[in-house]
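Take a look at the structure below.
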Amino acid sequence: MLPLTPTVDDLAADPVTHHDDDMIAPSGLTNLLGTVRVDHDLTAISAVQFPPVSQGLTQTAVLFVDGRLFASYGVPVTHEWRPDRVVRRASVAGLEIETTTVCVPGRTAVAMHIAVRNPGPSQRTVRLGLSAAARVTRSPDAWLDAESPSSRNAATVEGERLVFSAADGTAWSVQGLIGGAAALSGVAELPDQFETGIGGNGRGGELAIELAVPSGGTASTGYVHAIGTTEQAAADVYAAAAADVSAAVTSAEEFWNRQLSAAFDPDDAEFSGSLPVLETTSAPLRRLYWWAVLGVIWFRRDFEGNVLGRSYDTLMPNYWGTTTFIWDYSLSSVSHALLDPAEMRRQVRHWISLDIHSHFGTSSLTGGPVGRWYSVNDYAMTRLVHDYVRFTGDTNFLRELVGDQSVAESVRQWATAWETLRQGTALADYGEIDNLLECVSSYTHEVASLNAANVWSMRAAADLLDLHGDTTASAELRAQADALVPEVTSRYLPGTGVFAAGQPDGTLLPVRHCYDFSIVGTTIAADLAPDVRAEMVDFFRRELQTDNWMRALSPWDPDASYSVRPDHQWNGAYPAWPADAGRALAALGAPDVLTDWIEGLSRTANQGPMGQAHFVDEAVPSINGGARKAPPQLPYIIDWACSSSGAWIELVLEGLFGVEVTVDSDVRAAGCVSALDPHAVLHGLRVHDRVYDVHADGRVERTSPTR
């Protein structure tokens with residue numbers, strides 16, 4: 001019998017073997033309280049973050065074997081990631097070393113089981129040393145930069161442990177090797193310039209142990225890194241994890257199997273909702289769906305002091321910890337509405353209470369704004385309210401006052417905000433590079449994507465206003481939307497499949513970017529002429545699509561030389577872009593292109609949750625057939641995982657199954673998934689207070705009510 005829900009084994013990444021500085025993105029782990037980056041050698045970890053305590057990208061537990069830096073041996077290391085753990089192994093100096101790293105469930109700690117096997121004919125004694133460091137701090141403010149705060153720490157020795165503390169005593173790190181010894185490094189204080197390169201990585205001391213390893217046998221120890229806001233709290237967390245590291249490893253597996261099961265179980269209160277269960281014989285379809293689900297729940301944050309109680313971060317483990325970006329959250333909008341609608345309601349209300357035209361997201365530490373304005377915010381917020389209401393049926397939400405106006409009034413305001421951005425033409429001017437795609441210098445000002453989104457937003461707002469009883473306003477919005485369509489389509493360049501971006505000087509700059517393709521395709525496809533739809537599909541297939549991923553920008557675009565950041569340029573794509581492009585293909589009348597693409601895309605689900613960007617093969621070769629995750633170092637600065645993977649849930653539900661849910665609770669389906677599996681079924685799709693099974697042939701059957 002085929003499985004209906006995944007376990008950690010089903011979501012295990014392919015083993016990746018590499019040398020120290022190969023183009024491999026270091027992986028991450030979380031226990032939903034904090035995160036850690038698992039680095040390239042056998043024991044090193046970085047960015048151990050448990051809000052409110054942070055320490056930037058500080059690296060610790062760097063391995064020495066018999067006094068020699070492990071990396072200097074030049075041996076390959078194999079990493080095996082699962083949601084609950086990372087296993088690293090290598091052979092060095094005649095020994096086989098394997099480590100298993102976990103974030104300890106329910107505790108602000110990382111634990112690592114370290115095993116040394118001796119395949120030789122006689123007993124060996126090996127000395128393992130870990131260079132330990134910390135720069136823990138508790139910032140009173142939001143973490144306003146991509147890298148979280150850190151500060152100089154003092155280090156002291158307490159038995160087998162090194163204890164690190166911030167100057168003000170509000171942040172502590174306790175690290176130790178079980179059964180080992182600790183010593184200061186001789187460096188009195190860690191440097192202020194704590195970074196790889198000129199500043200160095202710093203060190204506070206050494207944790208060491210000698211292991212006698214019998215011939216053909218194994219000896220083991222454990223490492224624990226505990227975080228706290230007081231010395232006693234950190235010490236208590238350390239003691240609890242260090243008491244049984246093997247038990248911590250086991251509990252991590254149990255914890256993550258529970259999370260994966262709960263995501264599909266409407267009777268499990270772990271989430272306030274649930275996602276539909278996919279029954280299919282198509283392994284690629286099942287793999288993509290489960291990959292997407294993991295990529296959403298992976299970012300849940302329930303740490304003590306979260307101002308919203310629960311939130312979903314956007315990136316991990318390197319950048320923007322505790323920040324939820326409006327844009328990225330909206331790309332998983334349907335996923336949040338189904339999986340955790342109570343959290344979504346709080347998050348959307350919180351954003352409404354702020355000025356969404358002054359920031360790109362908010363901090364779960366303070367609730368305050370983070371970053372600059374993103375041009376997409378009005379569209380994103382409209383989409384969030386629209387999806388929340390149509391799936392939950394919570395029409396009372398539209399009547400609620402946030403500040404001095406109702407949610408419905410806010411929606412109408414967002415849907416028409418574009419009118420204030422016009423600069424002498426009928427279209428909105430969305431500003432410069434920093435407000436849009438950041439690393440595509442030509443994608444500026446009057447872009448087709450967000451102007452097409454304005455058409456959709458006014459129509460979506462009109463539907464919501466009808467529920468609110470404001471039919472006069474809804475009719476006005478629909479008329480405005482219809483009038484805007486020809487202004488958007490006038491920027492289409494016949495025969496090319498692409499649109500031009502209007503510039504302040506009146507020139508029209510052709511831009512061959514996927515964001516125009518995807519947003520125009522998913523918002524106003526029905527308004528386009530058949531030849532335009534066909535030419536857009538031809539452009540996508542010719543210049544953007546690859547076998548297992550896609551290019552965000554065509555390599556034929558003159559701006560392709562501007563940047564090598566692969567989330568938006570020619571050498572790769574942000575993780576939501578293939579999913580959104582797939583929905584656009586279906587909407588533009590090319591579902592066969594989408595279904596033919598699924599098998600190749602599924603091969604990219606082989607390196608853990610989807611990254612902030614994956615490379616196309618022309619830029620960097622695939623890993624076992626999957627588009628390679630881009631790394632965090634310059635010039636790429638790409639994080640290992642990104643929450644917008646929920647866009648792939650929407651691809652499965654609305655792109656492949658063709659599910660259409662209206663705000664007045666009508667549920668229809670007419671998709672293309674039968675090309676992958678004519679007997680595929682989505683079980684337990686929750687809409688309002690009803691539950692449906694959706695079949696590949698378009699049948700929608702009502703089943704039992706939800707809890």
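Just so we're on the same page: first chain in the structure tokens is A, next is B, and so on; residues restart at 1 for each chain, and ligands are numbered from 1 in the order they show up.
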Where does region 571-681 of chain A meet region 433-455 of chain A within 12 Å, residue by residue, with the nearest atom pair and distance in Å to one decimal for each, counting only C-alpha atoms, listed by chain and rising number, as a Markdown table?
```
| residue | atom | partner | partner_atom | distance |
| --- | --- | --- | --- | --- |
| A:Ala573 | CA | A:Leu437 | CA | 11.6 |
| A:Tyr574 | CA | A:Leu437 | CA | 10.7 |
| A:Pro635 | CA | A:Cys439 | CA | 11.4 |
| A:Tyr636 | CA | A:Cys439 | CA | 10.8 |
| A:Ile637 | CA | A:Cys439 | CA | 11.8 |
```
Can those selected residues be exported to a file as a CSV table (one decimal), in the first residue's frame so that it contains N, CA, C and O atoms?
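As a result, selection.csv now contains:
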```csv
chain,number,residue,atom,x,y,z
A,573,ALA,N,16.8,30.3,-9.9
A,573,ALA,CA,15.5,30.8,-9.6
A,573,ALA,C,15.2,30.6,-8.1
A,573,ALA,O,15.5,29.6,-7.5
A,574,TYR,N,14.4,31.6,-7.6
A,574,TYR,CA,13.8,31.5,-6.3
A,574,TYR,C,12.8,30.4,-6.2
A,574,TYR,O,12.2,30.0,-7.3
A,635,PRO,N,29.5,35.7,-3.9
A,635,PRO,CA,28.6,36.7,-4.2
A,635,PRO,C,27.1,36.3,-4.2
A,635,PRO,O,26.2,37.0,-4.6
A,636,TYR,N,26.8,35.1,-3.7
A,636,TYR,CA,25.5,34.5,-3.9
A,636,TYR,C,24.6,34.9,-2.7
A,636,TYR,O,23.4,35.2,-2.9
A,637,ILE,N,25.1,34.9,-1.5
A,637,ILE,CA,24.3,35.3,-0.3
A,637,ILE,C,22.9,34.7,-0.3
A,637,ILE,O,21.9,35.4,-0.1
```
Practice item. Give the strand (DSSP E or B) residues of region 184-373 of chain A, as DSSP finds them on the backbone, and put them as an MDAnalysis selection string. Key: chainID A and resid 184 195 200 205:213 218:228 277:279 300:301 311:312 315:316 323:325 361:363 369:370
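Distances to Val620 (chain A) were evaluated for A:Ala155, A:Leu63, A:Ile24, A:Tyr73 using only C-alpha atoms, and the minimum falls at A:Ile24.
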Review point. So, counting only C-alpha atoms, which residue among A:Pro504, A:Pro555, A:Ile297, A:Leu401 is closest to Arg422 (chain A)?
Key: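 Among the listed residues, A:Pro504 lies closest to Arg422 (chain A).
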Review point. Which residues come within 9 Å of region 304-317 of chain A, counting only C-alpha atoms, excluding same-chain residues fewer than 4 positions away, as a PyMOL selection string?
Key: chain A and resi 27-30+33+35-37+46-49+51-52+296-300+321-325+328-329+343-344+346-347+350+363-367+611-612+639-644
Could you write those residues out with N, CA and C atoms, as a short mmCIF file (atom, residue, chain, number, x, y, z; two decimals), in the first residue's frame?
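Contents of the output file part_16.cif:
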```cif
data_model
loop_
_atom_site.label_atom_id
_atom_site.label_comp_id
_atom_site.auth_asym_id
_atom_site.auth_seq_id
_atom_site.Cartn_x
_atom_site.Cartn_y
_atom_site.Cartn_z
N SER A 27 23.68 22.83 5.55
CA SER A 27 22.27 22.59 5.84
C SER A 27 21.87 23.15 7.19
N GLY A 28 20.58 23.12 7.47
CA GLY A 28 20.04 23.66 8.71
C GLY A 28 19.16 22.67 9.43
N LEU A 29 18.97 22.92 10.72
CA LEU A 29 18.05 22.13 11.55
C LEU A 29 17.25 23.10 12.42
N THR A 30 16.08 22.65 12.85
CA THR A 30 15.26 23.45 13.75
C THR A 30 14.45 22.53 14.65
N LEU A 33 11.86 26.14 17.96
CA LEU A 33 12.24 27.17 18.93
C LEU A 33 13.40 28.01 18.42
N THR A 35 17.23 27.67 15.54
CA THR A 35 17.85 27.05 14.37
C THR A 35 19.35 26.91 14.57
N VAL A 36 19.94 26.04 13.74
CA VAL A 36 21.39 25.88 13.72
C VAL A 36 21.81 25.54 12.30
N ARG A 37 22.98 26.01 11.91
CA ARG A 37 23.56 25.64 10.62
C ARG A 37 24.58 24.54 10.86
N SER A 46 27.24 26.47 13.10
CA SER A 46 27.23 27.93 13.10
C SER A 46 25.83 28.43 13.41
N ALA A 47 25.75 29.72 13.73
CA ALA A 47 24.46 30.40 13.84
C ALA A 47 23.48 29.67 14.74
N VAL A 48 23.93 29.27 15.92
CA VAL A 48 23.03 28.65 16.89
C VAL A 48 22.16 29.76 17.48
N GLN A 49 20.92 29.83 17.02
CA GLN A 49 20.03 30.95 17.35
C GLN A 49 18.78 30.42 18.05
N PRO A 51 15.90 32.56 19.73
CA PRO A 51 15.40 33.86 20.16
C PRO A 51 14.85 33.79 21.60
N PRO A 52 15.16 34.82 22.39
CA PRO A 52 15.73 36.11 22.00
C PRO A 52 17.25 36.15 21.94
N VAL A 296 6.89 24.35 4.56
CA VAL A 296 6.06 25.31 5.30
C VAL A 296 6.20 25.08 6.80
N ILE A 297 5.97 23.85 7.26
CA ILE A 297 6.00 23.61 8.71
C ILE A 297 7.41 23.79 9.27
N TRP A 298 8.42 23.68 8.42
CA TRP A 298 9.81 23.86 8.84
C TRP A 298 10.07 25.24 9.43
N PHE A 299 9.24 26.22 9.07
CA PHE A 299 9.48 27.60 9.47
C PHE A 299 8.59 28.07 10.62
N ARG A 300 7.83 27.17 11.19
CA ARG A 300 7.01 27.54 12.34
C ARG A 300 7.91 27.88 13.52
N GLY A 321 16.71 35.88 10.72
CA GLY A 321 16.04 35.14 11.78
C GLY A 321 15.01 36.01 12.47
N THR A 322 13.86 35.45 12.78
CA THR A 322 12.70 36.06 13.43
C THR A 322 11.95 37.03 12.53
N THR A 323 12.30 37.13 11.24
CA THR A 323 11.59 38.03 10.33
C THR A 323 10.65 37.25 9.42
N THR A 324 9.42 37.73 9.32
CA THR A 324 8.46 37.19 8.36
C THR A 324 8.22 38.24 7.28
N PHE A 325 8.59 37.92 6.05
CA PHE A 325 8.41 38.81 4.91
C PHE A 325 6.97 38.68 4.40
N ASP A 328 6.96 36.78 0.86
CA ASP A 328 7.20 35.34 0.90
C ASP A 328 6.05 34.60 1.58
N TYR A 329 5.53 35.18 2.66
CA TYR A 329 4.39 34.56 3.35
C TYR A 329 3.20 34.45 2.39
N GLU A 343 -3.16 31.15 13.11
CA GLU A 343 -1.91 31.91 13.04
C GLU A 343 -1.98 32.92 11.91
N MET A 344 -2.52 32.52 10.76
CA MET A 344 -2.61 33.42 9.62
C MET A 344 -3.45 34.65 9.95
N ARG A 346 -3.95 36.06 12.88
CA ARG A 346 -3.19 36.96 13.75
C ARG A 346 -2.11 37.71 12.98
N GLN A 347 -1.42 36.98 12.09
CA GLN A 347 -0.34 37.61 11.33
C GLN A 347 -0.87 38.68 10.41
N HIS A 350 -1.93 41.70 12.33
CA HIS A 350 -0.76 42.45 12.79
C HIS A 350 -0.21 43.34 11.68
N SER A 363 9.17 41.63 12.79
CA SER A 363 9.94 40.78 13.70
C SER A 363 9.00 40.11 14.70
N SER A 364 9.18 38.82 14.89
CA SER A 364 8.38 38.11 15.90
C SER A 364 8.89 38.39 17.31
N LEU A 365 10.05 39.03 17.42
CA LEU A 365 10.57 39.42 18.74
C LEU A 365 9.89 40.67 19.28
N THR A 366 9.67 41.65 18.41
CA THR A 366 9.13 42.93 18.85
C THR A 366 7.80 43.26 18.20
N GLY A 367 7.49 42.62 17.11
CA GLY A 367 6.32 42.99 16.33
C GLY A 367 6.55 44.18 15.44
N GLY A 611 15.63 25.56 -1.23
CA GLY A 611 16.47 26.68 -0.84
C GLY A 611 15.94 28.01 -1.33
N GLN A 612 16.55 29.07 -0.87
CA GLN A 612 16.18 30.41 -1.34
C GLN A 612 16.43 30.54 -2.84
N ASP A 639 20.20 31.73 1.23
CA ASP A 639 19.99 30.88 2.40
C ASP A 639 19.60 29.47 2.00
N TRP A 640 19.80 28.57 2.95
CA TRP A 640 19.64 27.13 2.68
C TRP A 640 18.18 26.73 2.51
N ALA A 641 17.25 27.43 3.17
CA ALA A 641 15.84 27.06 3.08
C ALA A 641 14.99 28.32 3.11
N CYS A 642 13.81 28.21 2.46
CA CYS A 642 12.92 29.37 2.31
C CYS A 642 11.47 28.92 2.42
N SER A 643 10.67 29.71 3.15
CA SER A 643 9.30 29.31 3.49
C SER A 643 8.33 29.36 2.31
N SER A 644 8.70 29.99 1.22
CA SER A 644 7.74 30.13 0.11
C SER A 644 7.52 28.83 -0.63
#
```
Exercise for review: Mind giving me the straight-line distance from CA of Ser272 (chain A) to CA of Ile326 (chain A) in Å, one decimal?
Suggested key: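 If I compute the distance from CA of Ser272 (chain A) to CA of Ile326 (chain A), I get 20.6 Å.
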Quick one: everything within 8 Å of Glu253 (chain A), counting only C-alpha atoms, minus sequence neighbours fewer than 4 positions away in the same chain. Send it as a PDB file with C-alpha atoms, in the first residue's frame.
```pdb
ATOM      1  CA  VAL A   8      11.403  11.734   8.201  1.00  0.00           C
ATOM      2  CA  ASP A  84      15.290  15.549  12.434  1.00  0.00           C
ATOM      3  CA  ARG A  85      19.072  15.272  11.988  1.00  0.00           C
ATOM      4  CA  VAL A 249      18.638  12.073  18.893  1.00  0.00           C
ATOM      5  CA  ASN A 257       7.423  12.431  12.655  1.00  0.00           C
TER       6      ASN A 257
END
```
Check your understanding: For Arg551 (chain A), which of A:Phe50, A:Phe271, A:Tyr374, A:Trp577 is the closest residue, counting only C-alpha atoms?
Key -> A:Trp577
Practice item. Determine, counting only C-alpha atoms, which protein, DNA and RNA residues have an atom within 9 Å of an atom of Asn624 (chain A); residues of the same chain fewer than 6 positions away are not included. Present the result as a PyMOL selection string. Key: chain A and resi 14+16+603-604+606
Exercise for review: Could you check which of A:Ala630, A:Met550, A:Ala500, A:Ala680 is closest to Val616 (chain A), using only C-alpha atoms?
Suggested key: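 Nearest candidate to Val616 (chain A) out of A:Ala630, A:Met550, A:Ala500, A:Ala680: A:Met550.
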Exercise for review: Please provide as JSON, numbers by chain all residues within 8 Å of region 377-391 of chain A, with the sequence filter that same-chain residues fewer than 6 positions apart are discarded (counting only C-alpha atoms).
Suggested key: {"A": [326, 327, 330, 331, 333, 334, 337, 338, 341, 344, 345, 348, 356, 357, 360, 397, 411, 414, 415, 417, 450, 453, 454, 457, 460, 461, 464, 661, 662, 663, 664, 665, 686, 687, 688]}
Practice item. Find the spatial neighbours of Asp482 (chain A), counting only C-alpha atoms, within a cut-off of 12 Å - ignore same-chain residues fewer than 5 positions away - and output them as an NGL selection string. Key: :A and (452 or 454-459 or 475-477 or 487-489 or 524 or 526-527)
Point to revise | DSSP alpha helix (DSSP H) residues within region 379-553 of chain A, as an MDAnalysis selection string | key: chainID A and resid 379:392 396:399 407:416 448:467 471:489 514:523 530:539
Review point. So what do you get for CA of Val694 (chain A) versus CA of Asp267 (chain A), distance-wise?
Key: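 Computing it gives 20.1 Å between the two atoms.
Each of A:His695, A:Arg127, A:Arg138, A:Arg565 was compared to Ala208 (chain A) using only C-alpha atoms, and A:Arg127 turns out to be the nearest.
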Determine, using only C-alpha atoms, which residues of region 574-671 of chain A have any atom at most 12 Å from an atom of region 273-277 of chain A, and tabulate each with its shortest atom pair and distance in Å to one decimal place, rows ordered by chain and then rising number, as a Markdown table.
```
| residue | atom | partner | partner_atom | distance |
| --- | --- | --- | --- | --- |
| A:Gly646 | CA | A:Leu275 | CA | 11.1 |
| A:Ile649 | CA | A:Leu275 | CA | 9.1 |
| A:Glu650 | CA | A:Leu275 | CA | 11.1 |
| A:Val652 | CA | A:Pro276 | CA | 10.7 |
| A:Leu653 | CA | A:Pro276 | CA | 9.1 |
```
